[in-house]
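Dropping protein.tsv in here (TSV, C-alpha atoms):
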chain	number	residue	atom	x	y	z
K	183	MET	CA	-2.60	21.82	25.43
K	184	ASN	CA	0.89	20.47	24.67
K	185	MET	CA	1.37	20.91	20.92
K	186	GLU	CA	4.99	19.77	20.68
K	187	TYR	CA	3.70	16.24	20.12
K	188	PHE	CA	0.47	14.48	19.33
K	189	LEU	CA	-0.75	10.93	19.88
K	190	SER	CA	-1.76	9.45	16.53
K	191	CYS	CA	-4.39	6.74	16.89
K	192	ASP	CA	-5.34	4.60	13.90
K	193	TRP	CA	-8.23	2.54	15.28
K	194	GLY	CA	-9.73	0.12	12.80
K	195	ASN	CA	-12.25	-2.64	13.21
K	196	SER	CA	-9.55	-5.31	13.61
K	197	ASN	CA	-6.47	-3.46	14.80
K	198	PHE	CA	-5.33	-0.64	17.08
K	199	ARG	CA	-2.18	1.48	16.70
K	200	LEU	CA	-1.06	4.40	18.83
K	201	LYS	CA	2.03	6.52	18.12
K	202	LEU	CA	3.67	9.46	19.83
K	203	VAL	CA	4.59	11.83	17.01
K	204	ASN	CA	6.74	14.96	16.93
K	205	ILE	CA	4.62	17.62	15.22
K	206	LYS	CA	7.55	19.46	13.57
K	207	ASP	CA	8.94	16.56	11.56
K	208	LEU	CA	6.28	13.86	12.14
K	209	ASN	CA	8.97	11.60	13.56
K	210	VAL	CA	7.49	8.68	15.50
K	211	LEU	CA	9.03	8.56	18.97
K	212	ALA	CA	7.22	5.50	20.32
K	213	GLU	CA	4.31	3.28	19.40
K	214	VAL	CA	2.14	0.41	20.57
K	215	SER	CA	-0.17	-1.78	18.53
K	216	SER	CA	-2.53	-4.67	19.09
K	217	GLU	CA	-5.42	-6.59	17.57
K	218	GLU	CA	-7.82	-4.80	19.93
K	219	GLY	CA	-9.82	-3.14	17.20
K	220	MET	CA	-13.22	-1.53	17.64
K	221	GLY	CA	-14.99	-4.79	16.84
K	222	LEU	CA	-13.39	-6.57	19.79
K	223	LEU	CA	-13.59	-3.58	22.16
K	224	PHE	CA	-17.29	-3.13	21.42
K	225	LYS	CA	-17.94	-6.78	22.29
K	226	LEU	CA	-15.99	-6.40	25.54
K	227	TRP	CA	-17.95	-3.29	26.45
K	228	LYS	CA	-21.23	-5.08	25.75
K	229	GLN	CA	-20.16	-7.79	28.19
K	230	ASN	CA	-19.50	-5.16	30.90
K	231	ILE	CA	-22.16	-2.65	29.95
K	232	SER	CA	-23.29	-2.15	33.55
K	233	ASP	CA	-19.83	-1.00	34.65
K	234	SER	CA	-19.38	2.13	32.49
K	235	ASN	CA	-20.74	4.03	29.55
K	236	ARG	CA	-19.10	3.31	26.21
K	237	LEU	CA	-17.05	6.49	25.95
K	238	ASP	CA	-15.58	6.00	29.43
K	239	PHE	CA	-14.81	2.38	28.60
K	240	TYR	CA	-12.85	3.39	25.50
K	241	LYS	CA	-11.10	6.25	27.31
K	242	LEU	CA	-9.93	3.79	29.97
K	243	PHE	CA	-8.53	1.54	27.26
K	244	LEU	CA	-6.75	4.53	25.67
K	245	SER	CA	-5.32	5.52	29.06
K	246	GLU	CA	-3.70	2.11	29.43
K	247	LYS	CA	-2.17	2.32	25.97
K	248	ILE	CA	-0.88	5.85	26.62
K	249	LYS	CA	0.77	4.49	29.79
K	250	GLU	CA	2.56	1.94	27.61
K	251	ILE	CA	3.83	4.77	25.38
K	252	LYS	CA	4.90	6.75	28.45
K	253	THR	CA	6.85	3.77	29.78
K	254	LYS	CA	8.78	3.52	26.52
K	255	ILE	CA	9.94	7.15	26.50
K	256	SER	CA	9.88	8.00	30.24
K	257	ALA	CA	8.40	11.44	29.62
K	258	PRO	CA	5.21	13.22	30.77
K	259	LEU	CA	2.40	13.17	28.22
K	260	GLU	CA	-0.29	15.17	30.00
K	261	GLY	CA	-1.90	17.68	27.66
K	262	VAL	CA	-0.76	15.91	24.48
K	263	PRO	CA	-3.80	15.69	22.15
K	264	VAL	CA	-5.02	12.35	20.82
K	265	ILE	CA	-6.03	12.46	17.13
K	266	ILE	CA	-8.09	9.44	16.09
K	267	SER	CA	-9.18	8.22	12.67
K	268	GLY	CA	-10.90	5.00	11.68
K	269	MET	CA	-13.76	3.30	13.48
K	270	ALA	CA	-13.77	5.59	16.53
K	271	SER	CA	-16.46	7.66	14.80
K	272	SER	CA	-18.66	4.67	13.95
K	273	SER	CA	-21.77	3.20	15.55
K	274	ILE	CA	-19.52	0.89	17.61
K	275	GLY	CA	-16.92	3.58	18.33
K	276	MET	CA	-16.39	6.31	20.89
K	277	VAL	CA	-19.00	8.62	19.34
K	278	GLU	CA	-21.07	8.09	16.22
K	279	LEU	CA	-20.49	10.82	13.66
K	280	ALA	CA	-22.25	11.30	10.35
K	281	TYR	CA	-20.38	10.51	7.16
K	282	LYS	CA	-19.36	13.38	4.91
K	283	ASN	CA	-21.04	12.88	1.55
K	284	ILE	CA	-18.99	13.09	-1.63
K	285	PRO	CA	-17.88	15.06	-3.49
K	286	LEU	CA	-15.52	16.28	-0.80
K	287	ILE	CA	-12.12	17.93	-0.85
K	288	ALA	CA	-9.34	15.34	-1.08
K	289	ASP	CA	-6.98	17.15	1.30
K	290	GLY	CA	-9.34	16.53	4.24
K	291	SER	CA	-10.19	20.17	4.83
K	292	ASP	CA	-13.96	19.67	4.94
K	293	LEU	CA	-14.28	16.39	6.85
K	294	ILE	CA	-16.60	16.11	9.84
K	295	THR	CA	-14.71	16.11	13.16
K	296	TYR	CA	-15.53	16.00	16.87
K	297	THR	CA	-13.62	17.23	19.90
K	298	ILE	CA	-13.80	15.84	23.45
K	299	ASN	CA	-12.34	18.02	26.17
K	300	SER	CA	-9.72	16.76	28.58
K	301	ASP	CA	-10.84	16.21	32.17
K	302	ALA	CA	-9.49	14.96	35.47
K	303	SER	CA	-9.75	11.31	34.46
K	304	PHE	CA	-8.33	11.73	30.94
K	305	LYS	CA	-5.92	14.63	30.57
K	306	HIS	CA	-5.85	14.71	26.80
K	307	LEU	CA	-8.01	16.48	24.25
K	308	ILE	CA	-9.51	13.87	21.91
K	309	PHE	CA	-9.99	14.84	18.27
K	310	ILE	CA	-11.99	12.34	16.20
K	311	ILE	CA	-12.15	12.38	12.38
K	312	SER	CA	-15.24	10.99	10.68
K	313	GLY	CA	-15.57	9.10	7.41
K	314	ALA	CA	-17.08	9.60	3.97
K	315	ALA	CA	-20.00	8.17	2.01
K	316	ASN	CA	-21.42	7.96	-1.49
K	317	LYS	CA	-24.84	6.65	-2.48
K	318	CYS	CA	-24.03	3.02	-1.72
K	319	ASP	CA	-20.67	2.82	0.06
K	320	VAL	CA	-18.86	4.13	3.15
K	321	MET	CA	-15.35	4.45	4.52
K	322	ARG	CA	-13.76	5.42	7.82
K	323	GLY	CA	-10.00	5.92	7.94
K	324	GLU	CA	-9.10	5.95	4.26
K	325	GLU	CA	-10.32	9.55	3.86
K	326	THR	CA	-7.64	10.53	6.40
K	327	LYS	CA	-4.97	8.46	4.64
K	328	LEU	CA	-5.92	10.19	1.40
K	329	ALA	CA	-5.47	13.59	3.08
K	330	GLY	CA	-1.96	12.46	4.00
K	331	CYS	CA	-0.93	11.56	0.45
K	332	TYR	CA	-3.13	13.63	-1.85
K	333	SER	CA	-1.38	14.94	-4.94
K	334	SER	CA	-2.77	16.50	-8.07
K	335	LYS	CA	-0.62	13.99	-9.98
K	336	SER	CA	-2.88	11.05	-9.11
K	337	SER	CA	-6.46	10.36	-10.09
K	338	LEU	CA	-6.83	6.96	-8.41
K	339	TYR	CA	-5.79	5.90	-4.91
K	340	LEU	CA	-5.61	2.27	-3.79
K	341	PHE	CA	-5.69	1.36	-0.10
K	342	PRO	CA	-5.44	-2.44	0.21
K	343	GLY	CA	-6.50	-4.10	3.44
K	344	THR	CA	-9.28	-5.95	5.21
K	345	HIS	CA	-11.73	-3.80	3.26
K	346	SER	CA	-9.72	-2.41	0.36
K	347	LYS	CA	-10.68	1.00	-1.00
K	348	HIS	CA	-10.34	2.44	-4.50
K	349	ILE	CA	-10.81	6.20	-4.40
K	350	GLN	CA	-11.31	8.31	-7.53
K	351	VAL	CA	-10.20	11.96	-7.39
K	352	GLU	CA	-10.94	14.67	-9.94
K	353	ASP	CA	-10.04	18.36	-9.68
K	354	GLY	CA	-8.98	17.94	-6.07
K	355	LYS	CA	-12.19	16.23	-4.93
K	356	ILE	CA	-13.23	12.69	-4.11
K	357	VAL	CA	-15.86	11.91	-6.72
K	358	ASP	CA	-16.30	8.19	-6.14
K	359	PHE	CA	-14.95	5.19	-4.25
K	360	LYS	CA	-15.56	1.48	-3.89
K	361	THR	CA	-14.94	-1.03	-1.10
K	362	TYR	CA	-13.69	-4.59	-1.70
K	363	MET	CA	-13.76	-7.20	1.09
K	364	THR	CA	-10.55	-8.78	-0.22
K	365	GLY	CA	-8.65	-9.11	3.05
K	366	GLU	CA	-11.62	-10.29	5.08
K	367	ILE	CA	-12.65	-12.90	2.51
K	368	PHE	CA	-9.06	-14.19	2.26
K	369	ASP	CA	-8.89	-14.46	6.05
K	370	THR	CA	-12.24	-16.26	6.22
K	371	LEU	CA	-11.49	-18.69	3.38
K	372	SER	CA	-8.01	-19.52	4.66
K	373	LYS	CA	-9.06	-20.04	8.29
K	374	ASN	CA	-12.74	-20.93	8.53
K	375	THR	CA	-13.68	-22.98	5.47
K	376	ILE	CA	-12.76	-26.32	3.94
K	377	LEU	CA	-9.80	-24.52	2.35
K	378	ALA	CA	-8.16	-23.96	5.75
K	379	HIS	CA	-6.31	-27.29	5.53
K	380	SER	CA	-5.08	-26.57	2.01
K	381	VAL	CA	-3.10	-23.35	2.60
K	382	LYS	CA	-0.17	-22.27	4.75
K	383	LYS	CA	1.59	-18.92	4.80
K	384	GLY	CA	5.17	-19.23	3.64
K	385	ALA	CA	8.29	-17.35	2.62
K	386	GLY	CA	6.52	-14.70	0.55
K	387	LEU	CA	6.56	-13.72	-3.09
K	388	ASN	CA	10.35	-13.65	-3.32
K	389	GLU	CA	10.17	-17.44	-3.42
K	390	PRO	CA	9.89	-18.23	-7.18
K	391	LYS	CA	7.24	-20.98	-6.84
K	392	ASN	CA	5.12	-18.77	-4.59
K	393	PHE	CA	5.30	-15.95	-7.12
K	394	GLU	CA	4.54	-18.32	-10.01
K	395	ASN	CA	1.35	-19.50	-8.30
K	396	PHE	CA	0.38	-16.00	-7.18
K	397	LYS	CA	0.62	-14.99	-10.85
K	398	LYS	CA	-1.44	-18.05	-11.81
K	399	GLY	CA	-4.16	-16.96	-9.37
K	400	VAL	CA	-4.11	-13.37	-10.66
K	401	LEU	CA	-4.47	-14.52	-14.28
K	402	MET	CA	-7.11	-17.13	-13.37
K	403	SER	CA	-9.26	-14.33	-11.92
K	404	ARG	CA	-9.61	-12.90	-15.43
K	405	HIS	CA	-11.36	-15.83	-17.05
K	406	SER	CA	-12.82	-18.07	-14.36
K	407	ASN	CA	-15.75	-17.86	-11.96
K	408	ILE	CA	-14.22	-17.14	-8.56
K	409	LEU	CA	-16.58	-19.54	-6.76
K	410	HIS	CA	-15.15	-22.35	-8.88
K	411	SER	CA	-11.56	-21.10	-8.79
K	412	CYS	CA	-11.58	-20.99	-4.99
K	413	PHE	CA	-12.50	-24.68	-4.83
K	414	LEU	CA	-9.43	-25.46	-6.92
K	415	VAL	CA	-7.42	-24.52	-3.82
K	416	ARG	CA	-8.74	-27.77	-2.33
K	417	THR	CA	-8.27	-29.92	-5.43
K	418	ASN	CA	-4.74	-28.56	-5.90
K	419	ILE	CA	-3.91	-30.42	-2.69
K	420	LEU	CA	-6.03	-33.51	-3.37
K	421	PHE	CA	-4.34	-34.00	-6.74
K	422	ASN	CA	-0.86	-33.04	-5.45
K	423	LYS	CA	-0.61	-30.13	-7.88
K	424	LEU	CA	0.60	-27.57	-5.34
K	425	THR	CA	1.97	-27.46	-1.82
K	426	GLU	CA	-0.01	-25.74	0.93
K	427	GLU	CA	2.40	-22.80	0.76
K	428	GLU	CA	2.10	-22.44	-3.02
K	429	ASN	CA	-1.68	-22.73	-2.68
K	430	TYR	CA	-1.72	-19.86	-0.16
K	431	TYR	CA	-0.27	-17.50	-2.77
K	432	TYR	CA	-2.51	-18.86	-5.51
K	433	LEU	CA	-5.55	-17.96	-3.38
K	434	SER	CA	-4.07	-14.54	-2.61
K	435	GLY	CA	-3.51	-13.86	-6.31
K	436	LEU	CA	-7.00	-15.05	-7.18
K	437	LEU	CA	-8.68	-12.61	-4.77
K	438	ILE	CA	-6.41	-9.64	-5.44
K	439	GLY	CA	-6.79	-10.17	-9.17
K	440	THR	CA	-10.57	-10.25	-8.81
K	441	GLU	CA	-10.46	-6.94	-6.92
K	442	LEU	CA	-8.20	-5.22	-9.44
K	443	ALA	CA	-10.24	-6.44	-12.41
K	444	ASP	CA	-12.67	-3.65	-11.58
K	445	LEU	CA	-10.11	-0.93	-12.34
K	446	GLN	CA	-10.66	1.23	-15.39
K	447	ILE	CA	-7.50	3.19	-16.07
K	448	ASN	CA	-6.72	5.65	-18.83
K	449	ASN	CA	-3.21	5.83	-20.23
K	450	SER	CA	-2.77	9.27	-18.69
K	451	ASP	CA	-3.86	8.20	-15.20
K	452	LYS	CA	-1.41	7.83	-12.34
K	453	ILE	CA	-2.17	5.54	-9.41
K	454	THR	CA	-1.09	6.04	-5.82
K	455	LEU	CA	-0.74	2.76	-3.91
K	456	ALA	CA	-0.60	2.86	-0.12
K	457	ALA	CA	-0.06	-0.54	1.50
K	458	ASN	CA	1.84	-2.23	4.31
K	459	SER	CA	4.99	-4.27	3.71
K	460	THR	CA	2.98	-7.48	3.23
K	461	LEU	CA	0.43	-6.20	0.74
K	462	LEU	CA	2.62	-3.76	-1.19
K	463	PRO	CA	4.53	-6.34	-3.25
K	464	ALA	CA	1.37	-8.38	-3.86
K	465	TYR	CA	-0.57	-5.42	-5.27
K	466	THR	CA	2.42	-4.08	-7.18
K	467	PHE	CA	3.00	-7.44	-8.85
K	468	ALA	CA	-0.72	-7.91	-9.56
K	469	LEU	CA	-0.96	-4.52	-11.26
K	470	GLU	CA	2.05	-5.42	-13.42
K	471	ILE	CA	0.78	-8.94	-14.22
K	472	LEU	CA	-2.55	-7.52	-15.39
K	473	ASN	CA	-0.80	-4.74	-17.37
K	474	LEU	CA	-2.94	-2.18	-15.60
K	475	VAL	CA	-0.26	0.38	-14.90
K	476	ALA	CA	3.35	1.01	-15.95
K	477	LYS	CA	5.95	1.52	-13.23
K	478	SER	CA	6.27	5.14	-14.33
K	479	LYS	CA	2.56	5.63	-13.60
K	480	LEU	CA	2.61	4.06	-10.13
K	481	ILE	CA	3.28	6.21	-7.05
K	482	ILE	CA	4.02	4.21	-3.88
K	483	VAL	CA	3.62	5.80	-0.46
K	484	ASP	CA	4.20	4.60	3.11
K	485	VAL	CA	0.77	3.81	4.54
K	486	ASP	CA	1.90	4.33	8.15
K	487	GLU	CA	3.39	7.73	7.36
K	488	ILE	CA	0.32	9.04	5.54
K	489	VAL	CA	-1.96	8.28	8.52
K	490	THR	CA	-0.07	10.72	10.73
K	491	LYS	CA	0.25	13.26	7.90
K	492	GLY	CA	-3.47	13.13	7.24
K	493	GLN	CA	-4.44	13.36	10.90
K	494	ILE	CA	-2.36	16.43	11.64
K	495	ALA	CA	-3.47	18.06	8.38
K	496	VAL	CA	-7.16	17.70	9.31
K	497	PHE	CA	-6.45	18.83	12.88
K	498	ASN	CA	-4.65	21.94	11.61
K	499	PHE	CA	-7.44	22.76	9.15
K	500	VAL	CA	-9.96	22.74	11.99
K	501	LYS	CA	-7.65	24.62	14.34
K	502	SER	CA	-6.92	27.34	11.78
K	503	ASN	CA	-10.62	27.88	11.22
K	504	SER	CA	-11.13	28.38	14.96
K	505	PHE	CA	-13.45	25.41	15.28
K	506	LEU	CA	-11.07	23.88	17.77
K	507	SER	CA	-11.39	26.35	20.60
K	508	ARG	CA	-11.19	24.01	23.57

Whole structure given in structure tokens:
Amino acid sequence: MNMEYFLSCDWGNSNFRLKLVNIKDLNVLAEVSSEEGMGLLFKLWKQNISDSNRLDFYKLFLSEKIKEIKTKISAPLEGVPVIISGMASSSIGMVELAYKNIPLIADGSDLITYTINSDASFKHLIFIISGAANKCDVMRGEETKLAGCYSSKSSLYLFPGTHSKHIQVEDGKIVDFKTYMTGEIFDTLSKNTILAHSVKKGAGLNEPKNFENFKKGVLMSRHSNILHSCFLVRTNILFNKLTEEENYYYLSGLLIGTELADLQINNSDKITLAANSTLLPAYTFALEILNLVAKSKLIIVDVDEIVTKGQIAVFNFVKSNSFLSR
């Protein structure tokens, strides 16, 4: 097994990302990404179910993506392990693994993992990391991100996205977490409802009017029923109150504000926020608008970087305990 590099695969329900990473410094040497998440791949496999079993179908897909990486760096990748977090361990993934019940150690050292040997058709060891569960909620992927950014300084970790996660940590253990369908509901409302003709993505929150209406949406979430407030996105256009672009950020603020309204933060608490370049300013501004956390109490981390850090940390925990013998 070639342990100079590893292939980091973050495979969600909606998106796929594969990176070739140098193990010594975690420098990303090449990457490919697409919207071929597990949800889409599972549907494609179901359409061709007679041609291959599910694991072989996914391995073939991975092989094609690894070829794309190889083309970018013009170097042999045989024997480089593939470490996968996210939906690969789900009921629609490569193998279905049980969730690890909380409380569990925040650094990822006791997560459930699964190893698939390399063979003639796929010359890479596959290492899959499973998710976590409490009595009424589940996550796959965020537990690995947490392992990549865990610090005793924080007690609450926010992972915005399609299904945002708020993870509570005490004494080095995950003690609770909640999922919010913020990103998925925004996508559905803005594309597949009557509101679709009332919003249009624009220049971002650096545009003063966009920020003003994002703030209006965040504050509206505090004192208005969201089912009513969402319909105002339509009447804002009918009554010429806002442009489609301004309305887009009003709706974003409304949903993010509704999500964050659930936070209960003590003055001593520090929050770690891990988000991409699109969501980071939105969540940072929303936290400030709602006076939920001072800048001195907010720790911001690179969400892409913590995926690779978490994956290799979990891999090394398993390897050091001699569970990874093949």

Using only C-alpha atoms, can you list as a PDB file with C-alpha atoms, in the frame of the given file the residues within 10 Å of (-24.2, 14.6, 14.0)?
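For reference, result.pdb as written:
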ATOM      1  CA  VAL K 277     -19.000   8.620  19.340  1.00  0.00           C
ATOM      2  CA  GLU K 278     -21.070   8.090  16.220  1.00  0.00           C
ATOM      3  CA  LEU K 279     -20.490  10.820  13.660  1.00  0.00           C
ATOM      4  CA  ALA K 280     -22.250  11.300  10.350  1.00  0.00           C
ATOM      5  CA  TYR K 281     -20.380  10.510   7.160  1.00  0.00           C
ATOM      6  CA  ILE K 294     -16.600  16.110   9.840  1.00  0.00           C
ATOM      7  CA  THR K 295     -14.710  16.110  13.160  1.00  0.00           C
ATOM      8  CA  TYR K 296     -15.530  16.000  16.870  1.00  0.00           C
TER       9      TYR K 296
END

Non-local contacts of Ile308 (chain K) (12 Å; all atoms listed in the file; under 6 positions in same chain excluded) as a PyMOL selection string: chain K and resi 183+188-191+237+240-241+244-245+261-267+270-271+276-277+295-301+497+506+508

Test item: residues at most 7 Å from Val400 (chain K), only C-alpha atoms, excluding those fewer than 4 positions along its chain, as a list of chain:residue names: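 Within the cut-off, the hits are K:Phe396, K:Gly435, K:Leu436, K:Ile438, K:Gly439, K:Ala468.
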
Distance query 10 Å from (-10.8, -0.4, -0.9) using all atoms listed in the file, result as a PyMOL selection string: chain K and resi 321+324+339-349+359-365+441

K:Tyr430, K:Ser333, K:Gly399, K:Lys327 ranked by distance to Phe368 (chain K), top pick (using only C-alpha atoms):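 Result for the nearest residue to Phe368 (chain K): K:Tyr430.
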
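Closest to Ile367 (chain K) among K:Thr417, K:Thr425, K:Asn498, K:Thr440 is K:Thr440, based on all atoms listed in the file.
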
Closest of K:Glu213, K:Ile248, K:Asp292, K:Asp192 to Phe499 (chain K) - atom-to-atom distances counting only C-alpha atoms: K:Asp292

Selection: 12 Å around region 355-358 of chain K, all atoms listed in the file, excl. self and same-chain fewer than 4 positions, as a PyMOL selection string: chain K and resi 282-293+314-321+324-325+328-329+332-334+336-339+347-351

Between CA of Leu401 (chain K) and CA of Val475 (chain K) - distance in Å to one decimal: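 Interatomic distance here is 15.5 Å.
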
Spatial neighbours of Phe239 (chain K), 12 Å, all atoms listed in the file, chain gap at least 5 places, as a VMD selection string: chain K and resid 220 223 to 234 244 to 246 275 to 277 303 to 304

Nearby residues (all atoms listed in the file) at most 10 Å from Lys398 (chain K), same-chain spacing under 5 positions excluded, as a list in words: Asn392, Phe393, Ser403, Tyr431, Tyr432, Leu433, Gly435, Leu436, Gly439 and Ile471 of chain K

Nearest to Leu409 (chain K), chosen from K:Leu371, K:Leu424, K:Asn395, K:Gly268, with all atoms listed in the file counted in the distances: K:Leu371

Completed region 271-285 of chain K (N, CA and C atoms) as a JSON list (two decimals), keeping the file's coordinate frame:
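Saved file result31.json follows:
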[["chain", "number", "residue", "atom", "x", "y", "z"],
["K", 271, "SER", "N", -15.30, 6.81, 15.09],
["K", 271, "SER", "CA", -16.46, 7.66, 14.80],
["K", 271, "SER", "C", -17.67, 6.85, 14.33],
["K", 272, "SER", "N", -17.60, 5.53, 14.46],
["K", 272, "SER", "CA", -18.66, 4.67, 13.95],
["K", 272, "SER", "C", -19.71, 4.36, 15.02],
["K", 273, "SER", "N", -20.69, 3.57, 14.63],
["K", 273, "SER", "CA", -21.77, 3.20, 15.55],
["K", 273, "SER", "C", -21.27, 2.30, 16.69],
["K", 274, "ILE", "N", -20.09, 1.70, 16.54],
["K", 274, "ILE", "CA", -19.52, 0.89, 17.61],
["K", 274, "ILE", "C", -18.32, 1.59, 18.24],
["K", 275, "GLY", "N", -18.10, 2.86, 17.88],
["K", 275, "GLY", "CA", -16.92, 3.58, 18.33],
["K", 275, "GLY", "C", -17.17, 4.44, 19.56],
["K", 276, "MET", "N", -16.31, 5.43, 19.73],
["K", 276, "MET", "CA", -16.39, 6.31, 20.89],
["K", 276, "MET", "C", -17.61, 7.23, 20.81],
["K", 277, "VAL", "N", -17.80, 7.82, 19.63],
["K", 277, "VAL", "CA", -19.00, 8.62, 19.34],
["K", 277, "VAL", "C", -19.38, 8.35, 17.90],
["K", 278, "GLU", "N", -20.66, 8.33, 17.60],
["K", 278, "GLU", "CA", -21.07, 8.09, 16.22],
["K", 278, "GLU", "C", -21.23, 9.42, 15.51],
["K", 279, "LEU", "N", -20.43, 9.61, 14.46],
["K", 279, "LEU", "CA", -20.49, 10.82, 13.66],
["K", 279, "LEU", "C", -21.04, 10.51, 12.28],
["K", 280, "ALA", "N", -21.73, 11.46, 11.71],
["K", 280, "ALA", "CA", -22.25, 11.30, 10.35],
["K", 280, "ALA", "C", -21.10, 11.20, 9.36],
["K", 281, "TYR", "N", -21.34, 10.53, 8.25],
["K", 281, "TYR", "CA", -20.38, 10.51, 7.16],
["K", 281, "TYR", "C", -20.48, 11.82, 6.38],
["K", 282, "LYS", "N", -19.36, 12.25, 5.83],
["K", 282, "LYS", "CA", -19.36, 13.38, 4.91],
["K", 282, "LYS", "C", -19.64, 12.85, 3.51],
["K", 283, "ASN", "N", -20.68, 13.36, 2.88],
["K", 283, "ASN", "CA", -21.04, 12.88, 1.55],
["K", 283, "ASN", "C", -20.11, 13.45, 0.49],
["K", 284, "ILE", "N", -19.80, 12.61, -0.50],
["K", 284, "ILE", "CA", -18.99, 13.09, -1.63],
["K", 284, "ILE", "C", -19.90, 13.88, -2.58],
["K", 285, "PRO", "N", -19.32, 14.78, -3.38],
["K", 285, "PRO", "CA", -17.88, 15.06, -3.49],
["K", 285, "PRO", "C", -17.36, 15.83, -2.27]]
